[in-house]
Amino acid sequence: MVAGNIFHCRRNSWPPEEYISRATLQLLDFDSAAPPEQAWRRKLNSHATILKEFSVTFTEAIKLTAPINPFNRESCKPSASQGVPLGGMGSGSISRGFRGEFRHWQITPGTCEASPVMANQFSIFISRDEGNKNYASVLSPGQHEGLGKSGDQGISSWGWNLSGQHSTYHALFPRAWTIYDGEPDPELKISCRQISPFIPHNYRDSSLPTTVFVYTLVNTGKERAKVSLLFTWANSIGGISHLSGDHVNEPFIGEDGVSGVLLHHKTDKENPPVTFAIAACETQNVNVTVLPCFGLSEGSSVTAKDMWDKMTQDGHFNRENFNTGPSMPSSPGETSCAAVSASTWVEPHGKCTVAFALAWSSPKVKFMKGKSYHRRYTKFYGTSERAALNLVHDALKNYKRWEEEIENWQAPILRDDRLPEWYKFTLFNELYFLVSGGTVWTDSALHAANGGSIQHQSTATETNNVKVTEANVNCKQGVVIEHSTVGLYDSTSGSSLNGNDETMLMKNGEDESVIPQRKDSKYSRHPSTHLDAQNDSNDVGGFLYLEGVEYIMWCTYDVHFYASYALLMLFPKIELSIQRDFAKAVLCEDGRKVKFLAEGNSGIRKVRGAVPHDLGTHDPWHEMNAYNIHDTSTWKDLNPKFVLQVYRDFTATGDLSFGADVWPSVCAAIEYMDQFDRDNDCLIENDGFPDQTYDTWTVHGVSAYCGGLWLASLQAAAAMALQLGDRAFADRCKSKFVKAKSVFEAKLWNGSYFNYDSGSSSNSKSIQTDQLAGQWYTASSGLPDLFDKFKIESSLQKVYDFNVMKVRGGRMGAVNGMYPNGKVDETCMQSREIWTGVTYAAAATMILAGMEEQAFTTAEGIFIAGWSEEGYGYAFQTPEAWTIDGHFRSLKYMRPLAIWSMQWALSLPKAILEAPKINMMDRILASPHSARSSHNETCVKKIAKKPKCFSNSVFRCSC
């Protein structure tokens, strides 16, 4: 239940002094033990509110079926209990709630086990005054329905003594701090620092499935204290997997004092096994011991109660346990757990540091249709399941370097006092999705099952009674730029340049890696990040992330349009890899029949020339378009979004080889849209059904959203054609743009904003928050504005005044649709919703238009309703949408990553800021010589004659 004052107060910062005493902060002010000034905070005794799910009409419900199934409810009800997830990207993820519970297990692609595994805990045992003063407690409040059983030999027998009243959680992704300010021992201050290797532009460490927990102990008493920290872990990958049997635990003593337990988890036949490693680092002052195996039931040879009693009495385990070797495989129905203890003495007024680490190894990722891939981290650690041992060792040795790199990345933004406090930590914390959003990152371009080659089908074949037809792709006339294998397919690809010259565009000169501040804004930045242009290590493998944990589709492209700014700013090589995947998909066709649920009609799975909605579910990259509600080959936003993203990425990175590689697909995407211009006015029309990302919101005729995207894509394609030397195509796009723009404004501009569409329905004059999506990308990419300044500012002000401020005073974000009379557009589920990512995108558009105050007020509504203490409790599980009464739809969703488009708007790359300011349409009319020479990093070189398309694709292309 939301507190009544959420919409009547505004809190811009959460000083740590309001959560922790200043004296404790001073005691912990060394070795990064104190939490940062800017962080998301919770007291450990905060109530984890059960979240309210959305409700739909019967008609809406029957359309929400696989792969979109919000009714496939988790085993536990979603609650406001999340925190920073563990590990890097793409190797499976485990989340950790703010009270310390390990939950939301996503080791197996496309599956999420939400319930916490309560045996996975940190605990502490303290002895003072020669044993006359003792404390023993799990370092997490025991607020769980499975605890408290009298006489239990399992974890209910442990000391769940922590109230959490004096303990606080502080989150600044990818790190988190839990401060125990005198709990359970009033004279011991404890900081637990959680560190994961999410490091922008580091394509090695950011793939590692490991996390370090650094405990800093400060003894404020007059007696020295013996302190033992305990890390327990169940052999489980969530749910009831711990009961399946055949699991084995094995102690180890590693190099440099790193010791612990390996837990080998045997999965079912359909999924590869998983190995966990829990370890601690032994030093001169810290003694590490282990208990390789204990159980949770009375019949276990060593029970959880036996383990706890041993630690309470001795504070450590027997050193002989390291010699026991692998345990006997567990029996079905039996839970096998392991424990690592680290013991130390802390002198009066002394300090001590104890470091633990967790790693997991699941080298192969296998999808439902059978294909397997090696995960990215195996490129550096090999494919052995025992890689977890090396991972946990290296994590304990490298975490200080990781922290230094993380701090250097975050410091310029955190130190900028012109930015609101809430924005700083929300910006970083929204990145949680790149770890816990079901991310898969493979090590190479090809799947592991066939020894590293994708088999082509030279003729139509039958697979499970489903026909796969050969795609015939007609490349444009011109010459070819040939490149080596990059990404998920062989990119020996056809990149058409206009004319008869045999040319290759090459980059020379110095690579710019500094993003300067904007000169015209009080919110201008000095970001520490850079964009990676082409270099000798562009092969970053394959990257997938889910649309949402309830919307099981990989790399959903209409949503990636909003989320992609995060990847472009932080991991640009991954962003270019995803764009290459979609570029290759544009030129391919899958003729297998699919029935579309909303209209009840049938069509083919993937049409040549159409940008796919997604890269698939059960067989990503090989069976695209898992989405089957509508026929997305008739959607009007996907192709323009592809062109706009490609141009933005091409311009920002300056990667000419990327631009040349994807150019045939850009041309095909533009030409494909001609069929939707049914009155030959050069402007596309929508077809009276929800044919865009708002897939329950019907559009008639010309659409502000899709029409604006189309205008922007024509301008982007023309600009890109100019830079790649294809003047004929540039002129065609320019001609279309000029005519289409005139028609667009005549049909939709009403004097203060652009109408929702040109139809005559009840909502045709609705104020759509996303009406300037095309202008957003235009301004983000350094292109001339689509409309004059008055129209842009007037439209944005209308959105601000109506969609933002008329909804609970601006404390909830921007509702998608609003009638001109100030009433919410109730036409459908999506018109009445507030979309978190769209709100961030609208705020970014406002920043680009010089409306910073309105922008941050707009975005702050998402923070207040979603992340603040008074809000609905959506932190680290930001949903796609919520309603005005606070019901969510689709937790853990991709689109809220669009907050990074705000940061992009505040720190435009140098390549965009310094683009020639003359009108791009005028540049297209320049001479061929001046057109080429206008790009000062381009030269010409002979290379090839024969045009090709992407030849090594799942669906064979023939030219």
# chains A, B, ... in the order shown; residues from 1 in each chain; ligands from 1

$ residues_around --residues "A:Gly325" --least-positions-apart "2" --cutoff "10 Å" --atoms "only C-alpha atoms" --output "JSON, numbers by chain"
{"A": [249, 250, 251, 252, 292, 321, 322, 323, 327, 328]}

$ residues_around --residues "A:Leu291" --least-positions-apart "2" --cutoff "12 Å" --atoms "only C-alpha atoms" --output "NGL selection string"
:A and (230-233 or 249-252 or 259-263 or 278-279 or 288-289 or 293-295 or 302-304 or 306-308 or 310-311 or 316-327 or 336-342)

$ residues_around --residues "A:Val84" --least-positions-apart "5" --cutoff "8 Å" --atoms "only C-alpha atoms" --output "list in words"
Ser95, Arg96, Gly97, Phe98, Ala171, Leu172, Phe173, Pro174, Arg175, Ala176, Asn429, Tyr432 and Phe876 of chain A

$ closest_residue --among "A:Ala23, A:Val435, A:Val643, A:Cys192" --to "A:Gly90" --atoms "only C-alpha atoms"
A:Val435

$ select_by_dssp --residues "stretch 540-595 of chain A" --states "strand (DSSP E or B)" --output "ChimeraX atom specification"
/A:543-544,546,548,551,554,590-595

$ closest_residue --among "A:Gly438, A:Pro36, A:Pro690, A:Pro612" --to "A:Lys424" --atoms "only C-alpha atoms"
A:Pro36

$ closest_residue --among "A:Gly751, A:Thr353, A:Pro273, A:Arg727" --to "A:Arg386" --atoms "only C-alpha atoms"
A:Pro273

$ residues_around --residues "A:Val354" --least-positions-apart "4" --cutoff "8 Å" --atoms "only C-alpha atoms" --output "PyMOL selection string"
chain A and resi 214-216+280-281+286+342

$ residues_around --residues "A:Val838" --least-positions-apart "4" --cutoff "8 Å" --atoms "only C-alpha atoms" --output "list in words"
Tyr562, Thr769, Asp770, Ala814, Ala842, Arg895, Pro896 and Ala898 of chain A

$ residues_around --residues "stretch 363-370 of chain A" --least-positions-apart "5" --cutoff "12 Å" --atoms "only C-alpha atoms" --output "number ranges by chain"
A: 90-92, 106-111, 207-209, 268-276, 375-388, 438-443, 447-450, 463-464, 542, 544, 554, 616-623

$ residues_around --residues "stretch 605-607 of chain A" --least-positions-apart "5" --cutoff "6 Å" --atoms "only C-alpha atoms" --output "ChimeraX atom specification"
/A:589-590,592-594

$ write_last_selection --atoms "all heavy atoms" --output "mmCIF file, in the first residue's frame"
data_model
loop_
_atom_site.group_PDB
_atom_site.id
_atom_site.type_symbol
_atom_site.label_atom_id
_atom_site.label_comp_id
_atom_site.auth_asym_id
_atom_site.auth_seq_id
_atom_site.Cartn_x
_atom_site.Cartn_y
_atom_site.Cartn_z
ATOM 1 N N GLU A 589 14.571 -14.388 -44.923
ATOM 2 C CA GLU A 589 13.146 -14.708 -44.887
ATOM 3 C C GLU A 589 12.944 -16.115 -44.359
ATOM 4 O O GLU A 589 13.698 -17.030 -44.687
ATOM 5 C CB GLU A 589 12.546 -14.581 -46.287
ATOM 6 C CG GLU A 589 11.036 -14.825 -46.329
ATOM 7 C CD GLU A 589 10.425 -14.350 -47.631
ATOM 8 O OE1 GLU A 589 10.446 -13.142 -47.889
ATOM 9 O OE2 GLU A 589 9.952 -15.228 -48.394
ATOM 10 N N ASP A 590 11.939 -16.270 -43.519
ATOM 11 C CA ASP A 590 11.552 -17.576 -42.984
ATOM 12 C C ASP A 590 10.093 -17.803 -43.371
ATOM 13 O O ASP A 590 9.188 -17.133 -42.878
ATOM 14 C CB ASP A 590 11.722 -17.585 -41.460
ATOM 15 C CG ASP A 590 11.372 -18.924 -40.824
ATOM 16 O OD1 ASP A 590 10.807 -19.789 -41.524
ATOM 17 O OD2 ASP A 590 11.653 -19.103 -39.626
ATOM 18 N N ARG A 592 8.024 -20.237 -42.850
ATOM 19 C CA ARG A 592 7.153 -21.070 -42.027
ATOM 20 C C ARG A 592 5.913 -20.292 -41.582
ATOM 21 O O ARG A 592 6.000 -19.119 -41.231
ATOM 22 C CB ARG A 592 7.919 -21.590 -40.810
ATOM 23 C CG ARG A 592 8.919 -22.671 -41.163
ATOM 24 C CD ARG A 592 9.766 -23.088 -39.973
ATOM 25 N NE ARG A 592 10.776 -22.074 -39.651
ATOM 26 C CZ ARG A 592 11.726 -22.253 -38.737
ATOM 27 N NH1 ARG A 592 11.786 -23.375 -38.060
ATOM 28 N NH2 ARG A 592 12.612 -21.300 -38.505
ATOM 29 N N LYS A 593 4.780 -20.940 -41.586
ATOM 30 C CA LYS A 593 3.513 -20.292 -41.289
ATOM 31 C C LYS A 593 3.335 -20.080 -39.787
ATOM 32 O O LYS A 593 3.684 -20.947 -38.978
ATOM 33 C CB LYS A 593 2.346 -21.116 -41.837
ATOM 34 C CG LYS A 593 2.301 -21.189 -43.360
ATOM 35 C CD LYS A 593 1.947 -19.829 -43.967
ATOM 36 C CE LYS A 593 1.817 -19.935 -45.479
ATOM 37 N NZ LYS A 593 1.481 -18.611 -46.079
ATOM 38 N N VAL A 594 2.762 -18.950 -39.441
ATOM 39 C CA VAL A 594 2.470 -18.593 -38.055
ATOM 40 C C VAL A 594 1.060 -18.030 -38.002
ATOM 41 O O VAL A 594 0.653 -17.268 -38.884
ATOM 42 C CB VAL A 594 3.467 -17.539 -37.526
ATOM 43 C CG1 VAL A 594 3.078 -17.094 -36.117
ATOM 44 C CG2 VAL A 594 4.885 -18.077 -37.540
#

$ closest_residue --among "A:Ile155, A:Met89, A:Leu217, A:Ala80" --to "A:Val346" --atoms "only C-alpha atoms"
A:Leu217

$ closest_residue --among "A:Phe102, A:Trp710, A:Phe737, A:Trp360" --to "A:Thr210" --atoms "only C-alpha atoms"
A:Trp360

$ atom_distance --atom1 "atom CA of A:Ala773" --atom2 "atom CA of A:Tyr565"
14.0 Å

$ select_by_dssp --residues "stretch 236-313 of chain A" --states "helix (DSSP H, G or I)" --output "count of residues only"
16

$ atom_distance --atom1 "atom CA of A:Phe754" --atom2 "atom CA of A:Leu772"
8.6 Å
